[in-house]
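Structure file start.pdb; described as PDB, C-alpha atoms.
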```pdb
ATOM      1  CA  MET A   6     -38.667  17.127 -20.765
ATOM      2  CA  ARG A   7     -38.503  13.369 -20.111
ATOM      3  CA  PRO A   8     -34.995  12.883 -21.580
ATOM      4  CA  PHE A   9     -33.689  15.658 -19.309
ATOM      5  CA  TRP A  10     -34.991  13.924 -16.176
ATOM      6  CA  ALA A  11     -33.803  10.529 -17.379
ATOM      7  CA  ILE A  12     -30.285  11.862 -17.944
ATOM      8  CA  ALA A  13     -30.343  13.711 -14.606
ATOM      9  CA  PHE A  14     -31.382  10.557 -12.715
ATOM     10  CA  LEU A  15     -28.770   8.537 -14.602
ATOM     11  CA  PHE A  16     -26.027  10.972 -13.521
ATOM     12  CA  LEU A  17     -27.349  10.890  -9.964
ATOM     13  CA  HIS A  18     -27.274   7.085  -9.984
ATOM     14  CA  LEU A  19     -23.720   7.000 -11.412
ATOM     15  CA  PHE A  20     -22.580   9.528  -8.800
ATOM     16  CA  ASN A  21     -24.101   7.333  -6.090
ATOM     17  CA  LEU A  22     -22.339   4.229  -7.476
ATOM     18  CA  GLY A  23     -18.834   5.626  -7.356
ATOM     19  CA  GLY A  24     -18.691   9.216  -8.464
ATOM     20  CA  TYR A  25     -18.459  10.504  -4.925
ATOM     21  CA  GLN A  26     -15.349   8.391  -4.392
ATOM     22  CA  LEU A  27     -13.763   9.968  -7.471
ATOM     23  CA  LEU A  28     -14.794  13.412  -6.215
ATOM     24  CA  PHE A  29     -13.346  12.812  -2.757
ATOM     25  CA  ASN A  30     -10.144  11.366  -4.268
ATOM     26  CA  GLN A  31      -9.731  14.477  -6.428
ATOM     27  CA  VAL A  32     -10.325  16.840  -3.500
ATOM     28  CA  GLU A  33      -7.954  14.828  -1.285
ATOM     29  CA  SER A  34      -5.252  14.815  -3.967
ATOM     30  CA  ALA A  35      -5.525  18.584  -4.480
ATOM     31  CA  SER A  36      -5.357  19.122  -0.711
ATOM     32  CA  ASN A  37      -2.300  16.889  -0.429
ATOM     33  CA  ASN A  38      -0.538  18.742  -3.270
ATOM     34  CA  ARG A  39      -1.186  22.098  -1.552
ATOM     35  CA  PHE A  40       0.130  20.728   1.733
ATOM     36  CA  VAL A  41       3.325  19.342   0.149
ATOM     37  CA  ALA A  42       3.907  22.696  -1.591
ATOM     38  CA  LYS A  43       3.523  24.395   1.802
ATOM     39  CA  ILE A  44       6.125  22.009   3.261
ATOM     40  CA  ASP A  45       8.505  22.622   0.329
ATOM     41  CA  GLN A  46       8.291  26.381   0.960
ATOM     42  CA  ARG A  47       8.904  25.739   4.693
ATOM     43  CA  ALA A  48       5.699  27.613   5.569
ATOM     44  CA  TYR A  49       4.961  25.597   8.705
ATOM     45  CA  ASP A  50       5.497  25.925  12.433
ATOM     46  CA  GLU A  51       8.426  23.863  13.762
ATOM     47  CA  THR A  52       6.620  23.313  17.077
ATOM     48  CA  ASN A  53       3.885  21.242  15.331
ATOM     49  CA  LEU A  54       6.364  18.613  14.145
ATOM     50  CA  LEU A  55       5.912  15.102  15.530
ATOM     51  CA  SER A  56       9.027  12.962  15.975
ATOM     52  CA  ILE A  57       8.870   9.264  15.076
ATOM     53  CA  LYS A  58      11.906   7.133  15.888
ATOM     54  CA  VAL A  59      12.480   3.837  14.070
ATOM     55  CA  PRO A  60      15.360   1.499  14.979
ATOM     56  CA  ILE A  61      17.544   0.519  12.028
ATOM     57  CA  GLN A  62      20.216  -2.168  11.920
ATOM     58  CA  LEU A  63      22.592  -1.585   9.030
ATOM     59  CA  PRO A  64      26.275  -2.461   8.931
ATOM     60  CA  TYR A  65      28.702   0.421   8.477
ATOM     61  CA  GLN A  66      26.124   3.165   8.847
ATOM     62  CA  LEU A  67      27.171   6.773   9.265
ATOM     63  CA  ASP A  68      25.384   9.411  11.296
ATOM     64  CA  TRP A  69      23.902  12.320   9.368
ATOM     65  CA  SER A  70      24.810  15.803  10.491
ATOM     66  CA  ASP A  71      21.608  17.484   9.246
ATOM     67  CA  TYR A  72      18.040  16.570   8.439
ATOM     68  CA  GLU A  73      17.119  15.887   4.815
ATOM     69  CA  ARG A  74      13.781  16.612   3.124
ATOM     70  CA  ILE A  75      11.582  13.570   2.478
ATOM     71  CA  ASP A  76       8.139  13.032   0.958
ATOM     72  CA  GLY A  77       5.652  10.531   2.265
ATOM     73  CA  GLU A  78       2.771  10.102   4.657
ATOM     74  CA  ILE A  79       1.624   7.937   7.525
ATOM     75  CA  VAL A  80      -1.678   7.482   9.358
ATOM     76  CA  LEU A  81      -1.538   7.165  13.147
ATOM     77  CA  GLU A  82      -4.760   6.726  15.126
ATOM     78  CA  GLY A  83      -6.880   8.157  12.299
ATOM     79  CA  VAL A  84      -4.757  11.299  11.823
ATOM     80  CA  HIS A  85      -2.823  11.777   8.578
ATOM     81  CA  TYR A  86       0.775  12.967   8.889
ATOM     82  CA  ASN A  87       3.173  14.024   6.124
ATOM     83  CA  TYR A  88       6.904  13.416   6.468
ATOM     84  CA  VAL A  89       8.933  16.620   6.483
ATOM     85  CA  LYS A  90      12.491  15.624   7.394
ATOM     86  CA  ARG A  91      14.545  12.589   8.373
ATOM     87  CA  LYS A  92      17.878  12.042  10.049
ATOM     88  CA  LEU A  93      19.972   8.975  10.945
ATOM     89  CA  VAL A  94      21.523   9.055  14.418
ATOM     90  CA  ASN A  95      23.387   6.010  15.760
ATOM     91  CA  ASP A  96      20.990   3.109  15.069
ATOM     92  CA  THR A  97      17.789   5.184  14.866
ATOM     93  CA  MET A  98      16.053   6.883  11.947
ATOM     94  CA  ILE A  99      14.213  10.002  13.149
ATOM     95  CA  PHE A 100      11.261  11.180  11.062
ATOM     96  CA  LEU A 101       9.753  14.611  11.675
ATOM     97  CA  CYS A 102       6.099  14.674  10.594
ATOM     98  CA  LEU A 103       3.507  17.422  10.286
ATOM     99  CA  PRO A 104      -0.202  16.670  10.888
ATOM    100  CA  ASN A 105      -2.289  17.115   7.741
ATOM    101  CA  THR A 106      -5.569  18.262   9.310
ATOM    102  CA  GLU A 107      -7.229  19.085   5.986
ATOM    103  CA  LYS A 108      -6.687  15.579   4.615
ATOM    104  CA  THR A 109      -7.906  14.078   7.898
ATOM    105  CA  LYS A 110     -11.105  16.149   7.670
ATOM    106  CA  ILE A 111     -11.667  15.123   4.034
ATOM    107  CA  HIS A 112     -11.141  11.455   4.899
ATOM    108  CA  HIS A 113     -13.567  11.735   7.817
ATOM    109  CA  ALA A 114     -16.120  13.510   5.573
ATOM    110  CA  ARG A 115     -15.811  10.681   3.018
ATOM    111  CA  GLU A 116     -16.516   8.057   5.662
ATOM    112  CA  THR A 117     -19.454  10.045   7.079
ATOM    113  CA  PHE A 118     -20.939  10.591   3.612
ATOM    114  CA  TYR A 119     -20.613   6.902   2.798
ATOM    115  CA  SER A 120     -22.336   5.845   6.007
ATOM    116  CA  LEU A 121     -25.169   8.348   5.448
ATOM    117  CA  VAL A 122     -25.697   7.428   1.799
ATOM    118  CA  ASN A 123     -25.851   3.732   2.546
ATOM    119  CA  ASP A 124     -27.970   4.049   5.719
ATOM    120  CA  LEU A 125     -25.421   2.332   7.914
ATOM    121  CA  GLN A 126     -26.739   4.075  11.035
ATOM    122  CA  GLU A 127     -30.286   2.880  10.386
ATOM    123  CA  GLU A 128     -29.031  -0.679   9.831
ATOM    124  CA  ASP A 129     -27.405  -0.664  13.252
ATOM    125  CA  ALA A 130     -30.605   0.677  14.841
ATOM    126  CA  LYS A 131     -32.733  -1.964  13.088
ATOM    127  CA  GLN A 132     -30.433  -4.756  14.264
ATOM    128  CA  SER A 133     -30.603  -3.640  17.875
ATOM    129  CA  SER A 134     -34.422  -3.387  17.810
ATOM    130  CA  SER A 135     -35.108  -6.725  16.088
ATOM    131  CA  PRO A 136     -32.276  -9.251  16.354
ATOM    132  CA  LEU A 137     -34.284 -11.989  14.581
ATOM    133  CA  LEU A 138     -34.173 -10.288  11.162
ATOM    134  CA  PRO A 139     -31.229 -11.223   8.936
ATOM    135  CA  SER A 140     -28.748  -8.418   8.523
ATOM    136  CA  SER A 141     -27.600  -7.191   5.160
ATOM    137  CA  LYS A 142     -24.960  -4.488   5.307
ATOM    138  CA  PRO A 143     -23.491  -2.884   2.207
ATOM    139  CA  ILE A 144     -19.856  -3.692   1.673
ATOM    140  CA  LYS A 145     -17.429  -0.904   0.896
ATOM    141  CA  PHE A 146     -14.574  -1.735  -1.457
ATOM    142  CA  ASN A 147     -11.745   0.635  -2.250
ATOM    143  CA  ILE A 148      -8.879   0.015  -4.608
ATOM    144  CA  SER A 149      -6.520   0.695  -1.693
ATOM    145  CA  ASP A 150      -7.895  -2.403   0.061
ATOM    146  CA  PHE A 151      -6.394  -4.612  -2.652
ATOM    147  CA  ASP A 152      -3.124  -2.920  -3.617
ATOM    148  CA  GLN A 153      -1.026  -4.118  -0.703
ATOM    149  CA  ASP A 154       2.231  -5.851  -1.497
ATOM    150  CA  ALA A 155       1.969  -9.625  -1.378
ATOM    151  CA  SER A 156       4.763 -11.525   0.301
ATOM    152  CA  PRO A 157       6.387 -14.190  -1.874
ATOM    153  CA  LEU A 158       5.671 -17.807  -1.047
ATOM    154  CA  ALA A 159       8.762 -19.832  -0.175
ATOM    155  CA  LEU A 160       8.616 -23.606  -0.420
ATOM    156  CA  SER A 161      11.309 -25.945   0.823
ATOM    157  CA  ILE A 162      11.959 -29.403  -0.566
ATOM    158  CA  PRO A 163      13.033 -32.135   1.857
ATOM    159  CA  MET A 164      16.727 -32.901   1.484
ATOM    160  CA  THR A 165      16.326 -36.628   0.731
ATOM    161  CA  GLU A 166      14.129 -36.067  -2.311
ATOM    162  CA  HIS A 167      16.405 -33.309  -3.543
ATOM    163  CA  GLN A 168      19.481 -35.552  -3.345
ATOM    164  CA  LEU A 169      17.666 -38.387  -5.121
ATOM    165  CA  HIS A 170      16.623 -36.094  -7.932
ATOM    166  CA  PHE A 171      20.192 -34.828  -8.314
ATOM    167  CA  ILE A 172      21.595 -38.377  -8.557
ATOM    168  CA  GLU A 173      19.027 -39.312 -11.210
ATOM    169  CA  SER A 174      19.834 -36.252 -13.304
ATOM    170  CA  VAL A 175      23.593 -36.911 -13.097
ATOM    171  CA  SER A 176      23.145 -40.516 -14.173
ATOM    172  CA  SER A 177      20.954 -39.481 -17.073
ATOM    173  CA  LEU A 178      23.615 -37.012 -18.224
ATOM    174  CA  HIS A 179      26.191 -39.789 -18.273
ATOM    175  CA  MET A 180      24.204 -41.698 -20.900
ATOM    176  CA  VAL A 181      23.813 -38.725 -23.207
ATOM    177  CA  TYR A 182      27.483 -37.938 -23.811
ATOM    178  CA  LEU A 183      29.868 -40.021 -25.939
ATOM    179  CA  PRO A 184      32.961 -41.495 -24.383
ATOM    180  CA  ILE A 185      36.156 -39.468 -24.736
ATOM    181  CA  ILE A 186      38.651 -40.761 -27.315
ATOM    182  CA  ASP A 187      42.134 -40.977 -25.840
ATOM    183  CA  LYS A 188      44.206 -40.813 -29.007
ATOM    184  CA  PRO A 189      43.395 -39.235 -32.320
ATOM    185  CA  PRO A 190      43.003 -41.628 -35.213
ATOM    186  CA  ALA A 191      46.030 -42.380 -37.307
ATOM    187  CA  CYS A 192      46.275 -40.400 -40.460
ATOM    188  CA  ILE A 193      46.162 -42.464 -43.640
ATOM    189  CA  ALA A 194      48.467 -41.110 -46.253
TER     190      ALA A 194
END
```

Translate the structure of the given file into structure tokens.
Amino acid sequence: MRPFWAIAFLFLHLFNLGGYQLLFNQVESASNNRFVAKIDQRAYDETNLLSIKVPIQLPYQLDWSDYERIDGEIVLEGVHYNYVKRKLVNDTMIFLCLPNTEKTKIHHARETFYSLVNDLQEEDAKQSSSPLLPSSKPIKFNISDFDQDASPLALSIPMTEHQLHFIESVSSLHMVYLPIIDKPPACIA
């Protein structure tokens, strides 16, 4: 009976460490796939579409006569939206988005579960009652916190040093090559 309880507590501990994040990711992914399939079948109400206009400056751009289907998502003020259509008119890209309420609820449930599991509400209450005690809050790390694109670092070299370096390299090339012979040697016959 002891090995059963040991294994059960081990699984419970592993679920507490990160299994719930995997579970929520799986549920969120399945929900998102169902929602995209619903959009592909055009089983949505046109009145629920949100219009987002983004200015675009491209040379020689042409206006589009109709909307085209696009995949993607955006989060605005805590609500998840999925792109449905886009259209280019004059210098503006118009995105029509549909609110994904199921994904928003799952994301909110994940955050609530995390705060309850890690006693974040009790920590806040303890800090307000006794401000002299040191605070130790658990830190939440997600992979999505670290997968943002990094901008490349651009360094510029002052012009005087760059010119000096170029002159040194040209003078060093001069010493490497042999002088050009003007006339070919006379043939001895």

**Message:** as a PyMOL selection string, please: the residues near Lys110 in chain A (cut-off 10 Å, only C-alpha atoms, same-chain neighbours under 5 positions excluded).
**Reply:** chain A and resi 33+84-85+105+115-116

**Message:** Under the PyMOL selection byres ((chain A and resi 89) around 12), which residues of this model are included? Write them out as a VMD selection string.
**Reply:** chain A and resid 40 to 51 53 to 57 72 to 79 86 to 88 90 to 92 99 to 105

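We find CA of Met98 in chain A and CA of Lys58 in chain A to be spaced 5.7 Å apart.
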
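Taking all atoms listed in the file into account, Arg39 in chain A lies nearest to A:Glu107 out of the set A:Leu22, A:Met6, A:His112, A:Glu107.
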
Take every atom of range 44-55 of chain A listed in the file, pad by 4 Å on each side, and give me the axis-aligned box centre and edge lengths in Å, one decimal, as JSON.
```
{"center_x": 6.4, "center_y": 21.4, "center_z": 8.7, "size_x": 13.0, "size_y": 20.5, "size_z": 24.7}
```

**Request:** Counting all atoms listed in the file, note down every residue that has an atom within 8 Å of the point (25.0, 6.8, 12.6) (file coordinates), as a ChimeraX atom specification.
**Result:** /A:66-69,93-97

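Of the listed residues A:Ile111, A:Phe9, A:Leu81, A:Thr106, the one whose atoms come nearest to Ser34 in chain A is A:Ile111, with distances taken using all atoms listed in the file.
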
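Here CA of Asp124 in chain A is placed at a distance of 28.6 Å from CA of Ala35 in chain A.
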
**Prompt:** To one decimal place, how far is CA of Asn37 in chain A from CA of Val80 in chain A in Å?
**Reply:** 13.6 Å

Would you fill the gaps in range 71-100 of chain A so it has N, CA and C atoms, then print it as a PDB file, in the frame of the given file?
```
ATOM      1  N   ASP A  71      22.820  16.663   9.365  1.00  0.00           N
ATOM      2  CA  ASP A  71      21.608  17.484   9.246  1.00  0.00           C
ATOM      3  C   ASP A  71      20.435  16.639   8.786  1.00  0.00           C
ATOM      4  N   TYR A  72      19.247  17.218   8.942  1.00  0.00           N
ATOM      5  CA  TYR A  72      18.040  16.570   8.439  1.00  0.00           C
ATOM      6  C   TYR A  72      17.978  16.739   6.926  1.00  0.00           C
ATOM      7  N   GLU A  73      17.356  15.764   6.251  1.00  0.00           N
ATOM      8  CA  GLU A  73      17.119  15.887   4.815  1.00  0.00           C
ATOM      9  C   GLU A  73      15.625  15.858   4.547  1.00  0.00           C
ATOM     10  N   ARG A  74      15.197  16.536   3.501  1.00  0.00           N
ATOM     11  CA  ARG A  74      13.781  16.612   3.124  1.00  0.00           C
ATOM     12  C   ARG A  74      13.333  15.271   2.566  1.00  0.00           C
ATOM     13  N   ILE A  75      12.129  14.840   2.946  1.00  0.00           N
ATOM     14  CA  ILE A  75      11.582  13.570   2.478  1.00  0.00           C
ATOM     15  C   ILE A  75      10.088  13.740   2.234  1.00  0.00           C
ATOM     16  N   ASP A  76       9.578  13.037   1.236  1.00  0.00           N
ATOM     17  CA  ASP A  76       8.139  13.032   0.958  1.00  0.00           C
ATOM     18  C   ASP A  76       7.561  11.700   1.406  1.00  0.00           C
ATOM     19  N   GLY A  77       6.328  11.738   1.848  1.00  0.00           N
ATOM     20  CA  GLY A  77       5.652  10.531   2.265  1.00  0.00           C
ATOM     21  C   GLY A  77       4.592  10.869   3.296  1.00  0.00           C
ATOM     22  N   GLU A  78       3.815   9.870   3.664  1.00  0.00           N
ATOM     23  CA  GLU A  78       2.771  10.102   4.657  1.00  0.00           C
ATOM     24  C   GLU A  78       2.538   8.834   5.457  1.00  0.00           C
ATOM     25  N   ILE A  79       1.940   9.032   6.621  1.00  0.00           N
ATOM     26  CA  ILE A  79       1.624   7.937   7.525  1.00  0.00           C
ATOM     27  C   ILE A  79       0.329   8.303   8.247  1.00  0.00           C
ATOM     28  N   VAL A  80      -0.432   7.274   8.615  1.00  0.00           N
ATOM     29  CA  VAL A  80      -1.678   7.482   9.358  1.00  0.00           C
ATOM     30  C   VAL A  80      -1.510   6.844  10.730  1.00  0.00           C
ATOM     31  N   LEU A  81      -1.631   7.644  11.769  1.00  0.00           N
ATOM     32  CA  LEU A  81      -1.538   7.165  13.147  1.00  0.00           C
ATOM     33  C   LEU A  81      -2.812   7.544  13.885  1.00  0.00           C
ATOM     34  N   GLU A  82      -3.535   6.542  14.361  1.00  0.00           N
ATOM     35  CA  GLU A  82      -4.760   6.726  15.126  1.00  0.00           C
ATOM     36  C   GLU A  82      -5.765   7.628  14.396  1.00  0.00           C
ATOM     37  N   GLY A  83      -5.899   7.433  13.094  1.00  0.00           N
ATOM     38  CA  GLY A  83      -6.880   8.157  12.299  1.00  0.00           C
ATOM     39  C   GLY A  83      -6.448   9.543  11.860  1.00  0.00           C
ATOM     40  N   VAL A  84      -5.256   9.981  12.215  1.00  0.00           N
ATOM     41  CA  VAL A  84      -4.757  11.299  11.823  1.00  0.00           C
ATOM     42  C   VAL A  84      -3.680  11.102  10.758  1.00  0.00           C
ATOM     43  N   HIS A  85      -3.792  11.857   9.671  1.00  0.00           N
ATOM     44  CA  HIS A  85      -2.823  11.777   8.578  1.00  0.00           C
ATOM     45  C   HIS A  85      -1.651  12.711   8.870  1.00  0.00           C
ATOM     46  N   TYR A  86      -0.441  12.186   8.704  1.00  0.00           N
ATOM     47  CA  TYR A  86       0.775  12.967   8.889  1.00  0.00           C
ATOM     48  C   TYR A  86       1.600  12.893   7.617  1.00  0.00           C
ATOM     49  N   ASN A  87       2.251  14.001   7.260  1.00  0.00           N
ATOM     50  CA  ASN A  87       3.173  14.024   6.124  1.00  0.00           C
ATOM     51  C   ASN A  87       4.596  14.133   6.664  1.00  0.00           C
ATOM     52  N   TYR A  88       5.508  13.333   6.085  1.00  0.00           N
ATOM     53  CA  TYR A  88       6.904  13.416   6.468  1.00  0.00           C
ATOM     54  C   TYR A  88       7.464  14.747   6.001  1.00  0.00           C
ATOM     55  N   VAL A  89       8.290  15.360   6.835  1.00  0.00           N
ATOM     56  CA  VAL A  89       8.933  16.620   6.483  1.00  0.00           C
ATOM     57  C   VAL A  89      10.439  16.401   6.342  1.00  0.00           C
ATOM     58  N   LYS A  90      11.041  15.814   7.381  1.00  0.00           N
ATOM     59  CA  LYS A  90      12.491  15.624   7.394  1.00  0.00           C
ATOM     60  C   LYS A  90      12.814  14.260   7.996  1.00  0.00           C
ATOM     61  N   ARG A  91      14.051  13.800   7.734  1.00  0.00           N
ATOM     62  CA  ARG A  91      14.545  12.589   8.373  1.00  0.00           C
ATOM     63  C   ARG A  91      16.033  12.741   8.641  1.00  0.00           C
ATOM     64  N   LYS A  92      16.478  11.990   9.647  1.00  0.00           N
ATOM     65  CA  LYS A  92      17.878  12.042  10.049  1.00  0.00           C
ATOM     66  C   LYS A  92      18.253  10.700  10.658  1.00  0.00           C
ATOM     67  N   LEU A  93      19.468  10.228  10.390  1.00  0.00           N
ATOM     68  CA  LEU A  93      19.972   8.975  10.945  1.00  0.00           C
ATOM     69  C   LEU A  93      20.977   9.298  12.047  1.00  0.00           C
ATOM     70  N   VAL A  94      20.650   8.838  13.264  1.00  0.00           N
ATOM     71  CA  VAL A  94      21.523   9.055  14.418  1.00  0.00           C
ATOM     72  C   VAL A  94      21.745   7.706  15.083  1.00  0.00           C
ATOM     73  N   ASN A  95      23.005   7.306  15.194  1.00  0.00           N
ATOM     74  CA  ASN A  95      23.387   6.010  15.760  1.00  0.00           C
ATOM     75  C   ASN A  95      22.650   4.884  15.036  1.00  0.00           C
ATOM     76  N   ASP A  96      21.744   4.194  15.698  1.00  0.00           N
ATOM     77  CA  ASP A  96      20.990   3.109  15.069  1.00  0.00           C
ATOM     78  C   ASP A  96      19.507   3.453  14.971  1.00  0.00           C
ATOM     79  N   THR A  97      19.187   4.740  14.878  1.00  0.00           N
ATOM     80  CA  THR A  97      17.789   5.184  14.866  1.00  0.00           C
ATOM     81  C   THR A  97      17.552   6.175  13.731  1.00  0.00           C
ATOM     82  N   MET A  98      16.488   5.932  12.966  1.00  0.00           N
ATOM     83  CA  MET A  98      16.053   6.883  11.947  1.00  0.00           C
ATOM     84  C   MET A  98      14.977   7.751  12.586  1.00  0.00           C
ATOM     85  N   ILE A  99      15.159   9.062  12.551  1.00  0.00           N
ATOM     86  CA  ILE A  99      14.213  10.002  13.149  1.00  0.00           C
ATOM     87  C   ILE A  99      13.459  10.684  12.024  1.00  0.00           C
ATOM     88  N   PHE A 100      12.134  10.517  12.028  1.00  0.00           N
ATOM     89  CA  PHE A 100      11.261  11.180  11.062  1.00  0.00           C
ATOM     90  C   PHE A 100      10.544  12.322  11.767  1.00  0.00           C
TER      91      PHE A 100
END
```
